[in-house]
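start.cif (mmCIF, C-alpha atoms and all ligand atoms) appears below.
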```cif
data_work
#
loop_
_atom_site.label_atom_id
_atom_site.label_comp_id
_atom_site.auth_asym_id
_atom_site.auth_seq_id
_atom_site.Cartn_x
_atom_site.Cartn_y
_atom_site.Cartn_z
CA MET Q 1 -4.43 -24.97 -13.64
CA ASP Q 2 -1.20 -23.44 -12.43
CA ASN Q 3 -1.95 -22.17 -8.97
CA THR Q 4 1.20 -20.03 -8.69
CA ILE Q 5 0.49 -16.34 -8.16
CA ILE Q 6 3.96 -14.91 -7.41
CA ARG Q 7 7.33 -16.26 -8.42
CA PHE Q 8 10.80 -14.88 -7.61
CA GLU Q 9 13.65 -16.08 -9.81
CA ASN Q 10 17.19 -15.33 -8.65
CA VAL Q 11 16.17 -11.99 -7.18
CA THR Q 12 18.92 -9.87 -5.64
CA LYS Q 13 18.90 -6.39 -4.21
CA SER Q 14 21.88 -4.21 -3.46
CA TYR Q 15 22.24 -0.48 -2.93
CA ASP Q 16 24.75 1.95 -4.43
CA ASP Q 17 26.61 2.12 -1.12
CA GLY Q 18 27.47 -1.58 -1.58
CA THR Q 19 24.90 -2.96 0.92
CA VAL Q 20 23.70 -6.35 -0.29
CA VAL Q 21 20.19 -6.81 1.09
CA LEU Q 22 18.91 -9.84 -0.86
CA LYS Q 23 21.39 -12.42 -2.14
CA ASN Q 24 19.51 -14.88 -4.32
CA ILE Q 25 15.84 -15.28 -3.56
CA ASN Q 26 13.77 -17.98 -5.26
CA PHE Q 27 10.24 -18.95 -4.33
CA GLU Q 28 6.80 -19.72 -5.68
CA LEU Q 29 3.67 -18.60 -3.85
CA GLU Q 30 0.27 -20.17 -4.43
CA ARG Q 31 -3.10 -18.50 -4.68
CA GLY Q 32 -5.16 -18.33 -1.49
CA LYS Q 33 -2.44 -19.20 1.03
CA PHE Q 34 -1.08 -17.45 4.10
CA TYR Q 35 2.69 -16.97 3.81
CA THR Q 36 5.01 -15.52 6.42
CA LEU Q 37 8.44 -14.01 5.94
CA LEU Q 38 10.18 -14.48 9.27
CA GLY Q 39 13.59 -13.29 10.35
CA PRO Q 40 15.56 -10.90 12.54
CA SER Q 41 15.60 -7.17 11.96
CA GLY Q 42 17.43 -6.17 8.78
CA CYS Q 43 17.31 -9.59 7.08
CA GLY Q 44 15.44 -8.25 4.05
CA LYS Q 45 11.78 -9.10 4.76
CA THR Q 46 10.40 -5.64 4.03
CA THR Q 47 12.56 -5.37 0.91
CA ILE Q 48 10.88 -8.51 -0.50
CA LEU Q 49 7.43 -6.98 0.16
CA ARG Q 50 8.50 -3.70 -1.46
CA ILE Q 51 9.71 -5.55 -4.56
CA ILE Q 52 6.36 -7.40 -4.80
CA ALA Q 53 4.43 -4.15 -4.35
CA GLY Q 54 6.59 -2.32 -6.90
CA PHE Q 55 7.88 0.29 -4.43
CA THR Q 56 11.44 -0.75 -5.15
CA ASP Q 57 13.17 -2.63 -7.98
CA ALA Q 58 15.10 -5.88 -7.84
CA SER Q 59 18.76 -5.29 -8.82
CA THR Q 60 18.83 -8.55 -10.79
CA GLY Q 61 16.42 -11.43 -11.28
CA ASP Q 62 12.77 -11.68 -12.31
CA VAL Q 63 9.47 -11.28 -10.54
CA PHE Q 64 6.38 -12.95 -12.00
CA PHE Q 65 2.73 -12.33 -11.16
CA ASN Q 66 0.17 -14.75 -12.59
CA GLY Q 67 2.89 -16.01 -14.93
CA LYS Q 68 3.68 -12.53 -16.31
CA ARG Q 69 7.02 -10.79 -15.66
CA ILE Q 70 6.22 -7.63 -13.72
CA ASN Q 71 9.64 -6.07 -13.06
CA ASP Q 72 8.64 -3.02 -15.12
CA VAL Q 73 4.97 -2.81 -14.11
CA PRO Q 74 4.36 0.30 -11.93
CA ALA Q 75 3.06 -0.17 -8.37
CA ASN Q 76 -0.41 1.23 -9.09
CA GLU Q 77 -0.99 -1.31 -11.85
CA ARG Q 78 -0.23 -4.34 -9.65
CA GLN Q 79 -3.01 -6.44 -8.13
CA VAL Q 80 -1.47 -5.95 -4.70
CA ASN Q 81 -2.29 -3.88 -1.61
CA THR Q 82 -0.17 -3.28 1.46
CA VAL Q 83 -1.08 -2.95 5.13
CA PHE Q 84 1.76 -1.02 6.78
CA GLN Q 85 3.17 -1.35 10.28
CA ASP Q 86 1.84 2.06 11.35
CA TYR Q 87 -1.33 1.50 9.23
CA ALA Q 88 -0.62 4.80 7.36
CA LEU Q 89 -4.22 6.00 7.85
CA PHE Q 90 -5.13 9.61 7.08
CA PRO Q 91 -5.89 11.25 10.43
CA HIS Q 92 -7.97 14.05 8.84
CA LEU Q 93 -10.33 11.64 7.07
CA ASN Q 94 -12.99 9.55 8.80
CA VAL Q 95 -13.10 5.76 8.64
CA PHE Q 96 -15.31 5.66 5.53
CA GLU Q 97 -13.10 8.11 3.60
CA ASN Q 98 -9.93 6.28 4.59
CA VAL Q 99 -11.29 3.07 3.12
CA ALA Q 100 -12.75 4.87 0.09
CA PHE Q 101 -9.50 6.69 -0.75
CA GLY Q 102 -8.15 4.27 -3.38
CA LEU Q 103 -11.53 3.97 -5.10
CA ARG Q 104 -11.87 7.75 -5.32
CA ILE Q 105 -8.45 8.02 -6.96
CA LYS Q 106 -9.61 5.46 -9.51
CA LYS Q 107 -12.72 7.63 -10.03
CA VAL Q 108 -15.12 4.83 -9.16
CA LYS Q 109 -18.77 6.01 -9.22
CA GLU Q 110 -20.18 7.25 -5.90
CA ALA Q 111 -22.86 4.55 -5.55
CA GLU Q 112 -20.28 1.82 -6.10
CA VAL Q 113 -17.83 3.45 -3.64
CA LYS Q 114 -20.53 3.41 -0.98
CA GLU Q 115 -21.39 -0.20 -1.60
CA ARG Q 116 -17.81 -1.46 -1.70
CA VAL Q 117 -16.65 0.50 1.38
CA GLN Q 118 -19.63 -0.72 3.37
CA GLU Q 119 -18.96 -4.26 2.31
CA ALA Q 120 -15.27 -3.99 3.28
CA LEU Q 121 -16.13 -2.49 6.68
CA LYS Q 122 -18.62 -5.27 7.29
CA PHE Q 123 -15.99 -7.79 6.40
CA VAL Q 124 -13.67 -6.54 9.15
CA ASN Q 125 -16.54 -6.21 11.67
CA LEU Q 126 -16.67 -2.42 11.51
CA ALA Q 127 -20.12 -1.98 9.95
CA GLY Q 128 -21.60 1.26 11.25
CA TYR Q 129 -18.21 2.83 12.10
CA GLY Q 130 -17.87 4.76 8.82
CA SER Q 131 -18.43 8.22 10.25
CA ARG Q 132 -16.01 7.79 13.17
CA GLU Q 133 -12.77 9.77 13.24
CA ILE Q 134 -9.54 7.72 13.19
CA SER Q 135 -8.61 9.26 16.58
CA GLU Q 136 -11.76 7.68 18.04
CA MET Q 137 -10.70 4.17 17.03
CA SER Q 138 -8.66 1.77 19.20
CA GLY Q 139 -5.41 0.15 18.02
CA GLY Q 140 -7.18 -3.04 16.95
CA GLN Q 141 -9.90 -1.08 15.17
CA ARG Q 142 -7.36 1.04 13.29
CA GLN Q 143 -5.72 -2.17 12.21
CA ARG Q 144 -9.03 -3.35 10.82
CA VAL Q 145 -9.59 -0.04 8.99
CA ALA Q 146 -6.18 -0.52 7.35
CA ILE Q 147 -7.18 -4.03 6.29
CA ALA Q 148 -10.55 -2.81 4.96
CA ARG Q 149 -8.66 -0.22 2.92
CA ALA Q 150 -6.48 -2.96 1.46
CA ILE Q 151 -9.33 -5.35 0.59
CA VAL Q 152 -11.72 -2.76 -0.84
CA ASN Q 153 -9.69 -2.76 -4.08
CA ASP Q 154 -10.18 -6.51 -4.38
CA PRO Q 155 -6.46 -7.26 -4.90
CA ASP Q 156 -5.20 -10.81 -5.53
CA VAL Q 157 -2.48 -10.40 -2.91
CA ILE Q 158 -2.38 -8.55 0.41
CA LEU Q 159 1.00 -7.66 1.89
CA LEU Q 160 1.19 -7.09 5.63
CA ASP Q 161 4.34 -5.53 7.08
CA GLU Q 162 4.50 -6.29 10.82
CA PRO Q 163 0.87 -5.17 11.20
CA LEU Q 164 0.50 -6.43 14.77
CA SER Q 165 3.67 -5.02 16.28
CA ALA Q 166 2.03 -1.88 17.67
CA LEU Q 167 -0.58 -3.83 19.64
CA ASP Q 168 -0.35 -5.10 23.22
CA LEU Q 169 0.06 -8.85 23.75
CA LYS Q 170 -3.61 -9.73 24.37
CA LEU Q 171 -4.90 -7.78 21.40
CA ARG Q 172 -2.09 -9.14 19.29
CA THR Q 173 -3.18 -12.72 19.98
CA GLU Q 174 -6.81 -11.84 19.20
CA MET Q 175 -5.78 -10.20 15.95
CA GLN Q 176 -3.76 -13.28 14.98
CA TYR Q 177 -6.95 -15.35 15.03
CA GLU Q 178 -8.88 -12.59 13.32
CA LEU Q 179 -6.38 -12.11 10.50
CA ARG Q 180 -6.10 -15.80 9.82
CA GLU Q 181 -9.87 -16.19 9.78
CA LEU Q 182 -10.24 -13.17 7.52
CA GLN Q 183 -7.67 -14.54 5.08
CA GLN Q 184 -9.56 -17.82 4.89
CA ARG Q 185 -12.90 -16.09 4.33
CA LEU Q 186 -11.40 -13.88 1.62
CA GLY Q 187 -9.48 -16.73 -0.01
CA LYS Q 188 -6.72 -14.29 -1.07
CA THR Q 189 -2.96 -14.72 -0.81
CA PHE Q 190 -1.57 -12.99 2.29
CA ILE Q 191 2.15 -12.31 2.69
CA PHE Q 192 2.86 -11.41 6.26
CA VAL Q 193 6.14 -10.06 7.61
CA THR Q 194 7.16 -10.59 11.22
CA HIS Q 195 10.17 -11.20 13.45
CA ASP Q 196 7.94 -13.00 15.97
CA GLN Q 197 8.29 -16.78 15.58
CA GLU Q 198 5.19 -17.60 17.62
CA GLU Q 199 3.09 -15.40 15.38
CA ALA Q 200 4.56 -17.11 12.31
CA LEU Q 201 3.93 -20.62 13.67
CA ALA Q 202 0.35 -19.81 14.68
CA MET Q 203 -0.82 -18.16 11.49
CA SER Q 204 0.94 -19.47 8.40
CA ASP Q 205 0.39 -22.13 5.79
CA GLU Q 206 4.05 -21.73 4.92
CA ILE Q 207 6.96 -19.88 6.51
CA PHE Q 208 10.14 -18.55 4.91
CA VAL Q 209 12.89 -18.15 7.48
CA LEU Q 210 15.32 -15.46 6.37
CA SER Q 211 18.70 -14.34 7.58
CA GLN Q 212 21.10 -11.88 5.98
CA GLY Q 213 19.25 -11.71 2.69
CA GLU Q 214 18.87 -15.46 2.22
CA ILE Q 215 16.05 -17.95 2.72
CA LYS Q 216 17.47 -20.38 5.27
CA GLN Q 217 14.46 -22.70 5.23
CA SER Q 218 10.89 -22.80 3.97
CA GLY Q 219 8.05 -25.10 4.88
CA THR Q 220 4.94 -25.57 6.97
CA PRO Q 221 5.14 -24.45 10.62
CA VAL Q 222 5.23 -28.10 11.73
CA ASP Q 223 8.04 -28.97 9.28
CA ILE Q 224 10.15 -26.05 10.38
CA TYR Q 225 9.57 -26.65 14.07
CA ASP Q 226 10.18 -30.41 13.89
CA GLU Q 227 12.88 -30.46 11.23
CA PRO Q 228 14.99 -27.31 11.41
CA ILE Q 229 17.84 -27.80 8.96
CA ASN Q 230 20.51 -25.76 10.70
CA ARG Q 231 21.46 -24.13 13.98
CA PHE Q 232 20.17 -20.70 12.95
CA VAL Q 233 16.65 -21.98 12.21
CA ALA Q 234 16.56 -24.24 15.29
CA ASP Q 235 17.60 -21.36 17.48
CA PHE Q 236 15.24 -18.86 15.90
CA ILE Q 237 12.13 -21.09 15.93
CA GLY Q 238 10.97 -22.18 19.37
CA GLU Q 239 13.17 -22.98 22.34
CA SER Q 240 15.89 -25.53 21.74
CA ASN Q 241 18.77 -27.35 23.31
CA ILE Q 242 21.55 -27.21 20.74
CA VAL Q 243 24.83 -29.02 21.42
CA ASP Q 244 27.85 -30.14 19.39
CA GLY Q 245 27.84 -33.78 18.38
CA ILE Q 246 29.47 -36.40 16.19
CA MET Q 247 27.75 -38.85 13.86
CA ILE Q 248 29.23 -42.24 14.76
CA GLU Q 249 27.45 -44.14 12.00
CA ASP Q 250 23.90 -44.25 10.62
CA TYR Q 251 21.40 -44.17 13.50
CA ARG Q 252 24.14 -43.55 16.13
CA VAL Q 253 25.34 -40.22 17.45
CA LYS Q 254 27.59 -39.02 20.23
CA PHE Q 255 27.07 -35.92 22.32
CA ALA Q 256 27.48 -34.88 25.96
CA GLY Q 257 30.20 -37.55 26.24
CA LYS Q 258 27.90 -40.50 25.40
CA GLU Q 259 26.61 -42.46 22.42
CA PHE Q 260 22.89 -42.58 21.65
CA GLU Q 261 20.60 -44.28 19.21
CA CYS Q 262 18.90 -41.84 16.84
CA VAL Q 263 16.75 -42.02 13.71
CA ASP Q 264 19.01 -39.96 11.42
CA ALA Q 265 21.10 -41.48 8.68
CA GLY Q 266 22.86 -40.48 5.50
CA MET Q 267 25.76 -38.52 6.98
CA LYS Q 268 29.46 -39.33 6.98
CA PRO Q 269 30.89 -41.41 9.84
CA ASN Q 270 32.72 -39.16 12.34
CA GLU Q 271 31.11 -36.07 10.83
CA LYS Q 272 30.74 -33.14 13.22
CA ILE Q 273 27.09 -32.20 13.62
CA ASP Q 274 24.72 -30.02 15.61
CA ILE Q 275 22.22 -31.80 17.83
CA VAL Q 276 18.83 -30.33 18.76
CA ILE Q 277 16.46 -31.64 21.41
CA ARG Q 278 13.33 -29.62 22.21
CA PRO Q 279 12.72 -28.92 25.94
CA GLU Q 280 9.33 -30.64 25.84
CA ASP Q 281 10.97 -33.88 24.61
CA LEU Q 282 13.07 -34.26 27.77
CA GLU Q 283 11.48 -36.19 30.60
CA ILE Q 284 12.57 -36.05 34.24
CA THR Q 285 13.55 -39.36 35.78
CA THR Q 286 15.96 -40.73 38.40
CA PRO Q 287 19.70 -40.40 37.74
CA GLU Q 288 19.89 -44.23 37.36
CA ASN Q 289 17.25 -44.25 34.61
CA GLY Q 290 18.34 -41.07 32.82
CA LYS Q 291 20.16 -41.02 29.50
CA LEU Q 292 21.65 -37.74 30.66
CA ILE Q 293 22.52 -36.84 34.22
CA VAL Q 294 22.11 -33.16 35.04
CA THR Q 295 21.91 -30.77 37.95
CA VAL Q 296 18.91 -28.47 38.30
CA ASP Q 297 20.04 -24.85 38.26
CA THR Q 298 16.74 -22.95 38.24
CA GLN Q 299 13.06 -23.81 38.06
CA LEU Q 300 10.20 -21.53 36.98
CA PHE Q 301 6.49 -22.31 37.07
CA ARG Q 302 5.09 -21.34 33.66
CA GLY Q 303 1.41 -22.21 34.19
CA VAL Q 304 1.19 -25.21 31.87
CA HIS Q 305 4.60 -26.60 32.79
CA TYR Q 306 7.74 -26.09 34.86
CA GLU Q 307 10.69 -24.69 33.01
CA LEU Q 308 13.96 -26.06 34.35
CA SER Q 309 17.39 -24.89 33.47
CA THR Q 310 19.81 -27.77 34.08
CA TYR Q 311 23.43 -28.53 33.17
CA ASP Q 312 25.43 -31.69 32.61
CA LYS Q 313 28.97 -32.41 33.83
CA ASP Q 314 30.47 -30.93 30.64
CA GLY Q 315 28.65 -27.68 31.31
CA ASN Q 316 26.07 -28.06 28.50
CA GLU Q 317 22.80 -26.39 29.42
CA TRP Q 318 19.62 -28.47 29.03
CA LEU Q 319 16.33 -26.62 29.16
CA VAL Q 320 13.44 -28.88 30.23
CA HIS Q 321 9.68 -28.28 30.03
CA SER Q 322 8.11 -30.69 32.46
CA LEU Q 323 4.78 -31.29 34.13
CA LYS Q 324 6.75 -32.74 37.05
CA LYS Q 325 8.59 -30.59 39.56
CA ALA Q 326 12.22 -31.05 40.58
CA GLU Q 327 14.41 -29.72 43.39
CA VAL Q 328 16.77 -26.88 42.60
CA GLY Q 329 20.32 -28.16 43.18
CA ALA Q 330 19.29 -31.82 42.85
CA GLU Q 331 20.87 -34.30 40.45
CA ILE Q 332 18.23 -35.77 38.14
CA GLY Q 333 18.11 -37.98 35.06
CA LEU Q 334 16.73 -36.88 31.69
CA ASP Q 335 15.14 -39.43 29.40
CA PHE Q 336 14.18 -38.99 25.75
CA ASP Q 337 13.22 -41.07 22.71
CA PRO Q 338 15.63 -41.63 19.81
CA GLU Q 339 13.17 -39.62 17.65
CA ALA Q 340 13.68 -36.58 19.90
CA ILE Q 341 17.31 -36.30 18.79
CA HIS Q 342 17.38 -34.06 15.78
CA VAL Q 343 20.64 -34.11 13.83
CA MET Q 344 21.77 -31.20 11.65
CA ARG Q 345 24.76 -30.83 9.35
CA LEU Q 346 26.86 -27.77 10.17
CA ASN Q 347 25.53 -24.68 8.35
CA GLU Q 348 23.66 -26.77 5.78
CA THR Q 349 21.65 -24.82 3.21
CA GLU Q 350 18.13 -25.76 2.21
CA GLU Q 351 19.34 -26.74 -1.27
CA ASP Q 352 22.03 -29.09 0.11
CA PHE Q 353 19.58 -30.52 2.63
CA ASP Q 354 17.09 -31.35 -0.15
CA LYS Q 355 19.86 -32.88 -2.31
CA ARG Q 356 21.10 -35.01 0.57
CA LEU Q 357 17.62 -36.35 1.32
CA GLU Q 358 17.05 -37.08 -2.33
CA ALA Q 359 20.39 -38.90 -2.68
CA TYR Q 360 19.76 -40.86 0.48
CA GLY Q 361 16.24 -41.78 -0.65
CA ASP Q 362 17.62 -43.01 -4.00
CA GLU Q 363 20.23 -45.14 -2.29
CA GLU Q 364 17.53 -46.79 -0.23
CA HIS Q 365 15.60 -47.70 -3.36
CA GLU Q 366 18.52 -49.34 -5.12
N1 LIG Z 1 18.05 2.87 0.70
C1 LIG Z 1 18.85 2.00 1.33
N2 LIG Z 1 20.19 2.10 1.19
C2 LIG Z 1 21.02 1.20 1.81
N3 LIG Z 1 20.57 0.18 2.60
C3 LIG Z 1 19.25 0.05 2.76
C4 LIG Z 1 18.31 0.94 2.13
N4 LIG Z 1 17.06 0.52 2.48
C5 LIG Z 1 17.20 -0.56 3.28
N5 LIG Z 1 18.52 -0.86 3.46
C6 LIG Z 1 19.08 -1.96 4.25
O1 LIG Z 1 18.51 -3.18 3.81
C7 LIG Z 1 18.51 -4.14 4.88
C8 LIG Z 1 17.21 -4.89 4.90
O2 LIG Z 1 16.14 -4.01 5.21
P1 LIG Z 1 14.66 -4.53 5.37
O3 LIG Z 1 13.83 -3.35 5.76
O4 LIG Z 1 14.24 -5.30 4.19
O5 LIG Z 1 14.80 -5.52 6.61
P2 LIG Z 1 13.69 -6.18 7.51
O6 LIG Z 1 14.06 -7.62 7.58
O7 LIG Z 1 12.34 -5.86 7.03
O8 LIG Z 1 13.98 -5.51 8.90
P3 LIG Z 1 12.98 -4.87 9.98
O9 LIG Z 1 12.33 -6.00 10.66
O10 LIG Z 1 13.95 -4.14 10.88
O11 LIG Z 1 12.06 -3.96 9.23
C9 LIG Z 1 18.81 -3.36 6.15
O12 LIG Z 1 20.13 -3.68 6.55
C10 LIG Z 1 18.70 -1.92 5.72
O13 LIG Z 1 19.59 -1.12 6.45
#
```
Before we go any further, please render this structure as structure tokens.
Amino acid sequence: MDNTIIRFENVTKSYDDGTVVLKNINFELERGKFYTLLGPSGCGKTTILRIIAGFTDASTGDVFFNGKRINDVPANERQVNTVFQDYALFPHLNVFENVAFGLRIKKVKEAEVKERVQEALKFVNLAGYGSREISEMSGGQRQRVAIARAIVNDPDVILLDEPLSALDLKLRTEMQYELRELQQRLGKTFIFVTHDQEEALAMSDEIFVLSQGEIKQSGTPVDIYDEPINRFVADFIGESNIVDGIMIEDYRVKFAGKEFECVDAGMKPNEKIDIVIRPEDLEITTPENGKLIVTVDTQLFRGVHYELSTYDKDGNEWLVHSLKKAEVGAEIGLDFDPEAIHVMRLNETEEDFDKRLEAYGDEEHE
């Protein structure tokens, strides 16, 4: 059975004033998975949700739901519900009536309304809260009311537009666990919008990293963290050391004035590249044993590790996460494995990246 629930084909969105918000969006989303649209403010995340919900039209391209083109299907006939950033709860209605609202509009019978609302409230751990006023609920509880209101209609897909952004850090982390757990219990497709990379890494089955109306990379959190395909993604996801480099030949790169063994291949000799090394992949050693020699500029204790800001003689900054301490002002060595060097082609797109890997793979098989 085809497990695809939503498909975007060449979707663009522009406004009459000439603003191009989405350039050419293509993706397929599967039933029952947790997807995250991640990117800086204004990159088009909310616009994608609005097109799925039917609140706005795509300018060109096609949107499919369960294999059926839905460009012209009105919002209220789509099997989709949205949880908004500000929850959009009705302050004059109590918790029960807020959740019941959509069912009442559909003229569902009273006995069924009662049963379904109670079930939805139980699902979000708010059984017994039905008669409370919204003003008597905490931020986290309001969030759960908004989710109960979305799931009571039994939609196939739930859209969540930065639903955790109004919460303080501790509650936010709790709600991340809760939302993920809820999605798994429900078995529905969740599409979650955020500009917070940690949230995206923690919660998602698959992440779409967006910038300026384009998908820069998609994949599992581990894929995107370990194999960012360009400087934008590497910089946006996690903390990174990114420096200019040159590919000498397959498995050999040059950066910071020295040549190193690496595991990347399939690029042109002498090609200019971007190099990424994650701070946790750099190990402190003596200057004699270090592949890089750096001076420690600052050191912060972060609980689990020390965070050192260091620089080499060319002025490149190297951020280090280390369990070992160093002396501020001291010269130290940094060691790393060849696998820790991640090589990226300048401004490579996801499509070109995939083509390159495919071509390289084919060559290997010949
Ligand atoms: N009616 C409109 N007319 C012109 N431009 C618009 C209109 N609505 C939205 N935009 C523009 O579309 C772009 C993308 O907006 P969108 O809300 O999708 O971004 P976002 O990634 O969700 O950002 P945020 O995280 O700030 O909500 C923005 O630059 C915004 O100014």
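Closest approach to ligand LIG 1 (chain Z) among Q:Gly140, Q:Pro228, Q:Pro74, Q:Gly213 is made by Q:Gly213 (distances from all atoms listed in the file).
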> Could you name the residues that touch range 57-72 of chain Q at 6 Å or less, counting only C-alpha atoms, but leaving out those on the same chain fewer than 5 positions away, as a list in words?
Replying inline: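 Those residues are Ile5, Ile6, Arg7, Phe8, Glu9, Asn10, Val11, Thr12, Lys13 and Ile51 of chain Q.
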> Pick the closest to ligand LIG 1 (chain Z) from Q:Leu49, Q:Leu179, Q:Ile277, Q:Met344: which is it, counting all atoms listed in the file?
Replying inline: Q:Leu49
> Skipping near chain neighbours, those fewer than 6 positions away, what residues fall within 10 Å of His92 in chain Q using all atoms listed in the file, listed as number ranges by chain?
Replying inline: Q: 98, 133-135
> Using all atoms listed in the file, which protein or nucleic acid residues are at most 7 Å from ligand LIG 1 (chain Z), as an MDAnalysis selection string?
Replying inline: chainID Q and resid 15 17 19 21 39:48 194:195
Name the residues in contact with Asp205 in chain Q at a cut-off of 9 Å, using only C-alpha atoms, excluding same-chain residues fewer than 2 positions from it; report them as a PDB file with C-alpha atoms, in the coordinates of the input.
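Now in around-v9.pdb:
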```
ATOM      1  CA  LYS Q  33      -2.440 -19.200   1.030  1.00  0.00           C
ATOM      2  CA  PHE Q  34      -1.080 -17.450   4.100  1.00  0.00           C
ATOM      3  CA  TYR Q  35       2.690 -16.970   3.810  1.00  0.00           C
ATOM      4  CA  THR Q  36       5.010 -15.520   6.420  1.00  0.00           C
ATOM      5  CA  LEU Q 201       3.930 -20.620  13.670  1.00  0.00           C
ATOM      6  CA  MET Q 203      -0.820 -18.160  11.490  1.00  0.00           C
ATOM      7  CA  ILE Q 207       6.960 -19.880   6.510  1.00  0.00           C
ATOM      8  CA  GLY Q 219       8.050 -25.100   4.880  1.00  0.00           C
ATOM      9  CA  THR Q 220       4.940 -25.570   6.970  1.00  0.00           C
ATOM     10  CA  PRO Q 221       5.140 -24.450  10.620  1.00  0.00           C
TER      11      PRO Q 221
END
```
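Atom to atom, CA of Gly266 in chain Q and CA of Asp250 in chain Q stand 6.4 Å apart.
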Mind completing range 252-265 of chain Q with N, CA and C atoms? Output as a compact mmCIF listing (two decimals), in the coordinates of the input, please?
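Dumped to result.txt:
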```txt
# COMPACT_ATOMS: atom_id res chain seq x y z
N ARG Q 252 23.39 -43.62 14.87
CA ARG Q 252 24.14 -43.55 16.13
C ARG Q 252 24.91 -42.24 16.22
N VAL Q 253 24.65 -41.51 17.28
CA VAL Q 253 25.34 -40.22 17.45
C VAL Q 253 26.01 -40.16 18.82
N LYS Q 254 26.95 -39.22 18.93
CA LYS Q 254 27.59 -39.02 20.23
C LYS Q 254 27.49 -37.55 20.59
N PHE Q 255 27.03 -37.29 21.79
CA PHE Q 255 27.07 -35.92 22.32
C PHE Q 255 27.04 -36.01 23.84
N ALA Q 256 27.41 -34.93 24.49
CA ALA Q 256 27.48 -34.88 25.96
C ALA Q 256 28.27 -36.08 26.50
N GLY Q 257 29.30 -36.50 25.76
CA GLY Q 257 30.20 -37.55 26.24
C GLY Q 257 29.65 -38.97 26.14
N LYS Q 258 28.49 -39.16 25.48
CA LYS Q 258 27.90 -40.50 25.40
C LYS Q 258 27.36 -40.78 24.00
N GLU Q 259 27.21 -42.09 23.71
CA GLU Q 259 26.61 -42.46 22.42
C GLU Q 259 25.12 -42.75 22.60
N PHE Q 260 24.34 -42.36 21.59
CA PHE Q 260 22.89 -42.58 21.65
C PHE Q 260 22.39 -43.12 20.32
N GLU Q 261 21.30 -43.86 20.42
CA GLU Q 261 20.60 -44.28 19.21
C GLU Q 261 19.77 -43.10 18.70
N CYS Q 262 19.75 -42.90 17.39
CA CYS Q 262 18.90 -41.84 16.84
C CYS Q 262 18.23 -42.35 15.57
N VAL Q 263 17.42 -41.52 14.93
CA VAL Q 263 16.75 -42.02 13.71
C VAL Q 263 17.36 -41.42 12.45
N ASP Q 264 18.42 -40.61 12.59
CA ASP Q 264 19.01 -39.96 11.42
C ASP Q 264 20.07 -40.84 10.76
N ALA Q 265 20.13 -40.71 9.45
CA ALA Q 265 21.10 -41.48 8.68
C ALA Q 265 21.50 -40.66 7.47
```
